[in-house]
Amino acid sequence: MDADVFRDSPARYLGYTNEVGEAFRVVLPTKAVWFTYGVASGYVACDAVDKGFRVFTGWPGEDPEGRTRLTLLKTVDALVWQSLASVIVPGFTINRLCWGTRTMLVKGVRLPGHVGKYMSVAVGLGAIPFIIKPIDRVIDHFMDLVVRPCILKTRHN
């Protein structure tokens, strides 16, 4: 099988652009943070299209309906998985971690606002490598238990 540029190369890190944006949310303009979501969402869309294209072009049989169905299923599966694992859940996680850190440091410990602001950025950036694998595993289980059975049910209707 060909190498997967979206999962097995440095391009994978484009999916985490929005986490960096969330970590810097307190010091960046809102438009810059939304731009990071655009980059991550573009990565997600490209990966989903790639997964569908691989199925479509690699289909061995003469069943065009089966090829179309499996192409759609693989594309939707990749789109949902990547949306959750690369954008939604980690973005929310870093957002809340940075907010909680800043709140605790400024209101609880009573550090000056600018210190709490930059320390929350550091905590958010530092957390990114540690949240990736656990979130991926949780999303894998969620997909296997909830999403994929629903997708496969609709396949037979």
# chains A, B, ... in the order shown; residues from 1 in each chain; ligands from 1
call {"tool": "residues_around", "arguments": {"residues": "Arg148 (chain A)", "least_positions_apart": "4", "cutoff": "12 Å", "atoms": "only C-alpha atoms", "output": "list in words"}}
result
Leu73, Lys74, Val76, Asp77, Ala78, Val80, Trp81, Ile139, Asp140, His141, Phe142, Met143, Asp144, Leu152, Lys153, Thr154 and Arg155 of chain A
call {"tool": "select_by_dssp", "arguments": {"residues": "region 27-101 of chain A", "states": "alpha helix (DSSP H)", "output": "PyMOL selection string"}}
result
chain A and resi 30-58+64-82+89-101
call {"tool": "residues_around", "arguments": {"residues": "Ile88 (chain A)", "least_positions_apart": "3", "cutoff": "10 Å", "atoms": "only C-alpha atoms", "output": "list of chain:residue names"}}
result
A:Asn18, A:Glu19, A:Tyr37, A:Ser41, A:Gln82, A:Ser83, A:Leu84, A:Ala85, A:Gly91, A:Phe92, A:Thr93
call {"tool": "write_last_selection", "arguments": {"atoms": "C-alpha atoms", "output": "tab-separated table (two decimals), in the first residue's frame"}}
result
chain	number	residue	atom	x	y	z
A	18	ASN	CA	-6.00	24.83	15.67
A	19	GLU	CA	-4.60	23.57	19.00
A	37	TYR	CA	-9.11	26.29	12.33
A	41	SER	CA	-10.18	21.85	8.60
A	82	GLN	CA	-10.47	13.56	11.65
A	83	SER	CA	-13.00	16.26	12.56
A	84	LEU	CA	-13.32	14.85	16.05
A	85	ALA	CA	-9.73	13.72	16.66
A	91	GLY	CA	-9.34	22.28	20.21
A	92	PHE	CA	-11.91	22.23	23.00
A	93	THR	CA	-9.45	20.50	25.34
call {"tool": "residues_around", "arguments": {"residues": "Val121 (chain A)", "least_positions_apart": "3", "cutoff": "7 Å", "atoms": "only C-alpha atoms", "output": "list in words"}}
result
Ala23, Phe24, Cys98, Lys117, Tyr118, Gly124 and Leu125 of chain A
call {"tool": "write_last_selection", "arguments": {"atoms": "all heavy atoms", "output": "compact mmCIF listing (two decimals), in the first residue's frame"}}
result
# COMPACT_ATOMS: atom_id res chain seq x y z
N ALA A 23 -4.05 27.65 21.99
CA ALA A 23 -3.08 27.97 23.04
C ALA A 23 -2.73 29.47 23.02
O ALA A 23 -2.57 30.08 24.08
CB ALA A 23 -1.81 27.13 22.86
N PHE A 24 -2.68 30.04 21.82
CA PHE A 24 -2.33 31.46 21.68
C PHE A 24 -3.56 32.38 21.66
O PHE A 24 -3.42 33.58 21.44
CB PHE A 24 -1.52 31.68 20.40
CG PHE A 24 -0.07 31.33 20.54
CD1 PHE A 24 0.39 30.11 20.08
CD2 PHE A 24 0.83 32.22 21.12
CE1 PHE A 24 1.74 29.78 20.19
CE2 PHE A 24 2.16 31.89 21.23
CZ PHE A 24 2.62 30.67 20.77
N CYS A 98 -6.30 26.05 28.77
CA CYS A 98 -5.72 27.40 28.84
C CYS A 98 -6.60 28.34 29.65
O CYS A 98 -6.10 29.12 30.47
CB CYS A 98 -5.52 27.96 27.43
SG CYS A 98 -4.21 27.12 26.52
N LYS A 117 -1.55 35.12 31.48
CA LYS A 117 -1.84 34.99 30.06
C LYS A 117 -0.75 34.17 29.36
O LYS A 117 -1.03 33.19 28.66
CB LYS A 117 -1.92 36.39 29.44
CG LYS A 117 -2.29 36.42 27.99
CD LYS A 117 -2.21 37.83 27.40
CE LYS A 117 -3.23 38.75 27.99
NZ LYS A 117 -3.25 40.06 27.31
N TYR A 118 0.50 34.53 29.56
CA TYR A 118 1.60 33.85 28.88
C TYR A 118 1.87 32.47 29.46
O TYR A 118 2.29 31.56 28.74
CB TYR A 118 2.85 34.72 28.84
CG TYR A 118 2.65 35.89 27.91
CD1 TYR A 118 2.39 37.16 28.39
CD2 TYR A 118 2.65 35.69 26.54
CE1 TYR A 118 2.16 38.23 27.54
CE2 TYR A 118 2.42 36.74 25.66
CZ TYR A 118 2.18 38.01 26.16
OH TYR A 118 1.94 39.04 25.30
N GLY A 124 -0.79 25.40 27.43
CA GLY A 124 -1.51 24.89 26.26
C GLY A 124 -0.59 24.25 25.24
O GLY A 124 -0.84 23.15 24.76
N LEU A 125 0.49 24.95 24.91
CA LEU A 125 1.45 24.39 23.94
C LEU A 125 2.10 23.12 24.49
O LEU A 125 2.28 22.14 23.75
CB LEU A 125 2.53 25.43 23.61
CG LEU A 125 2.09 26.62 22.78
CD1 LEU A 125 3.24 27.63 22.66
CD2 LEU A 125 1.61 26.18 21.41
call {"tool": "closest_residue", "arguments": {"among": "A:Phe35, A:Ile94, A:Leu28, A:Arg54", "to": "Ala127 (chain A)", "atoms": "only C-alpha atoms"}}
result
A:Ile94
call {"tool": "closest_residue", "arguments": {"among": "A:Thr68, A:Thr101, A:Thr57, A:Ser86", "to": "Thr36 (chain A)", "atoms": "only C-alpha atoms"}}
result
A:Ser86
call {"tool": "atom_distance", "arguments": {"atom1": "CA of Leu79 (chain A)", "atom2": "CA of Cys46 (chain A)"}}
result
9.1 Å
call {"tool": "residues_around", "arguments": {"residues": "region 38-40 of chain A", "least_positions_apart": "3", "cutoff": "9 Å", "atoms": "only C-alpha atoms", "output": "ChimeraX atom specification"}}
result
/A:13-18,33-35,43-45,83,86-87
call {"tool": "write_last_selection", "arguments": {"atoms": "all heavy atoms", "output": "compact mmCIF listing (two decimals), in the first residue's frame"}}
result
# COMPACT_ATOMS: atom_id res chain seq x y z
N TYR A 13 0.72 17.06 11.17
CA TYR A 13 0.71 18.14 12.16
C TYR A 13 -0.17 19.32 11.74
O TYR A 13 -0.55 20.13 12.58
CB TYR A 13 2.13 18.59 12.47
CG TYR A 13 2.93 17.49 13.11
CD1 TYR A 13 3.96 16.86 12.44
CD2 TYR A 13 2.61 17.04 14.39
CE1 TYR A 13 4.65 15.81 13.02
CE2 TYR A 13 3.30 16.00 14.98
CZ TYR A 13 4.32 15.39 14.29
OH TYR A 13 5.00 14.35 14.86
N LEU A 14 -0.52 19.40 10.46
CA LEU A 14 -1.45 20.44 10.03
C LEU A 14 -2.81 20.28 10.72
O LEU A 14 -3.51 21.26 10.93
CB LEU A 14 -1.63 20.42 8.52
CG LEU A 14 -0.41 20.85 7.70
CD1 LEU A 14 -0.66 20.58 6.22
CD2 LEU A 14 -0.09 22.31 7.95
N GLY A 15 -3.14 19.05 11.06
CA GLY A 15 -4.39 18.80 11.76
C GLY A 15 -4.41 19.36 13.17
O GLY A 15 -5.47 19.51 13.77
N TYR A 16 -3.24 19.69 13.69
CA TYR A 16 -3.16 20.23 15.05
C TYR A 16 -2.94 21.74 15.06
O TYR A 16 -2.69 22.32 16.12
CB TYR A 16 -2.04 19.54 15.83
CG TYR A 16 -2.23 18.05 15.90
CD1 TYR A 16 -1.30 17.18 15.34
CD2 TYR A 16 -3.36 17.51 16.49
CE1 TYR A 16 -1.50 15.82 15.38
CE2 TYR A 16 -3.56 16.15 16.54
CZ TYR A 16 -2.62 15.30 15.98
OH TYR A 16 -2.82 13.95 16.02
N THR A 17 -3.04 22.37 13.93
CA THR A 17 -2.83 23.81 13.86
C THR A 17 -3.78 24.57 14.78
O THR A 17 -3.39 25.55 15.44
CB THR A 17 -3.02 24.30 12.40
OG1 THR A 17 -2.20 23.51 11.54
CG2 THR A 17 -2.63 25.75 12.25
N ASN A 18 -5.03 24.11 14.84
CA ASN A 18 -6.00 24.83 15.67
C ASN A 18 -5.68 24.72 17.16
O ASN A 18 -6.03 25.62 17.93
CB ASN A 18 -7.43 24.36 15.40
CG ASN A 18 -7.65 22.93 15.79
OD1 ASN A 18 -6.96 22.03 15.32
ND2 ASN A 18 -8.63 22.69 16.65
N VAL A 33 -6.86 33.08 15.16
CA VAL A 33 -7.26 31.79 15.74
C VAL A 33 -8.17 31.06 14.76
O VAL A 33 -8.01 29.87 14.51
CB VAL A 33 -7.94 31.98 17.11
CG1 VAL A 33 -8.45 30.65 17.64
CG2 VAL A 33 -6.99 32.62 18.10
N TRP A 34 -9.13 31.77 14.17
CA TRP A 34 -10.03 31.14 13.20
C TRP A 34 -9.27 30.66 11.97
O TRP A 34 -9.63 29.65 11.36
CB TRP A 34 -11.17 32.07 12.82
CG TRP A 34 -12.19 32.13 13.92
CD1 TRP A 34 -12.47 33.19 14.73
CD2 TRP A 34 -13.04 31.06 14.37
NE1 TRP A 34 -13.44 32.85 15.65
CE2 TRP A 34 -13.81 31.55 15.44
CE3 TRP A 34 -13.22 29.74 13.96
CZ2 TRP A 34 -14.75 30.76 16.12
CZ3 TRP A 34 -14.14 28.95 14.63
CH2 TRP A 34 -14.88 29.47 15.69
N PHE A 35 -8.21 31.38 11.59
CA PHE A 35 -7.38 30.94 10.47
C PHE A 35 -6.76 29.56 10.76
O PHE A 35 -6.70 28.70 9.89
CB PHE A 35 -6.27 31.96 10.18
CG PHE A 35 -5.32 31.52 9.12
CD1 PHE A 35 -5.67 31.57 7.78
CD2 PHE A 35 -4.07 31.02 9.45
CE1 PHE A 35 -4.80 31.14 6.79
CE2 PHE A 35 -3.18 30.59 8.48
CZ PHE A 35 -3.55 30.65 7.13
N TYR A 43 -6.92 20.40 6.21
CA TYR A 43 -6.22 19.12 6.35
C TYR A 43 -7.22 17.97 6.47
O TYR A 43 -7.09 16.93 5.81
CB TYR A 43 -5.30 19.15 7.58
CG TYR A 43 -4.87 17.78 8.01
CD1 TYR A 43 -3.82 17.13 7.37
CD2 TYR A 43 -5.55 17.11 9.02
CE1 TYR A 43 -3.46 15.85 7.74
CE2 TYR A 43 -5.19 15.84 9.40
CZ TYR A 43 -4.15 15.21 8.76
OH TYR A 43 -3.80 13.93 9.12
N VAL A 44 -8.24 18.16 7.30
CA VAL A 44 -9.26 17.13 7.52
C VAL A 44 -9.97 16.80 6.20
O VAL A 44 -10.15 15.63 5.84
CB VAL A 44 -10.28 17.59 8.58
CG1 VAL A 44 -11.53 16.73 8.59
CG2 VAL A 44 -9.63 17.61 9.96
N ALA A 45 -10.36 17.83 5.46
CA ALA A 45 -11.05 17.62 4.18
C ALA A 45 -10.15 16.89 3.19
O ALA A 45 -10.61 15.96 2.50
CB ALA A 45 -11.52 18.95 3.61
N SER A 83 -12.35 15.07 11.98
CA SER A 83 -13.00 16.26 12.56
C SER A 83 -12.98 16.19 14.08
O SER A 83 -12.69 17.18 14.76
CB SER A 83 -14.44 16.38 12.06
OG SER A 83 -14.46 16.64 10.68
N SER A 86 -8.87 15.56 15.31
CA SER A 86 -7.87 16.57 14.98
C SER A 86 -8.33 18.00 15.25
O SER A 86 -7.49 18.87 15.46
CB SER A 86 -7.47 16.47 13.50
OG SER A 86 -6.84 15.25 13.25
N VAL A 87 -9.63 18.24 15.23
CA VAL A 87 -10.10 19.62 15.36
C VAL A 87 -10.96 19.83 16.61
O VAL A 87 -10.60 20.61 17.50
CB VAL A 87 -10.86 20.07 14.09
CG1 VAL A 87 -11.34 21.49 14.23
CG2 VAL A 87 -9.98 19.92 12.85
call {"tool": "residues_around", "arguments": {"residues": "Leu72 (chain A)", "least_positions_apart": "6", "cutoff": "10 Å", "atoms": "only C-alpha atoms", "output": "PyMOL selection string"}}
result
chain A and resi 48-49+51-53+55-56+66+78
call {"tool": "atom_distance", "arguments": {"atom1": "CA of Ser120 (chain A)", "atom2": "CA of Ile135 (chain A)"}}
result
20.6 Å
call {"tool": "closest_residue", "arguments": {"among": "A:Arg67, A:Arg25, A:Arg102, A:Arg7", "to": "Val123 (chain A)", "atoms": "only C-alpha atoms"}}
result
A:Arg102
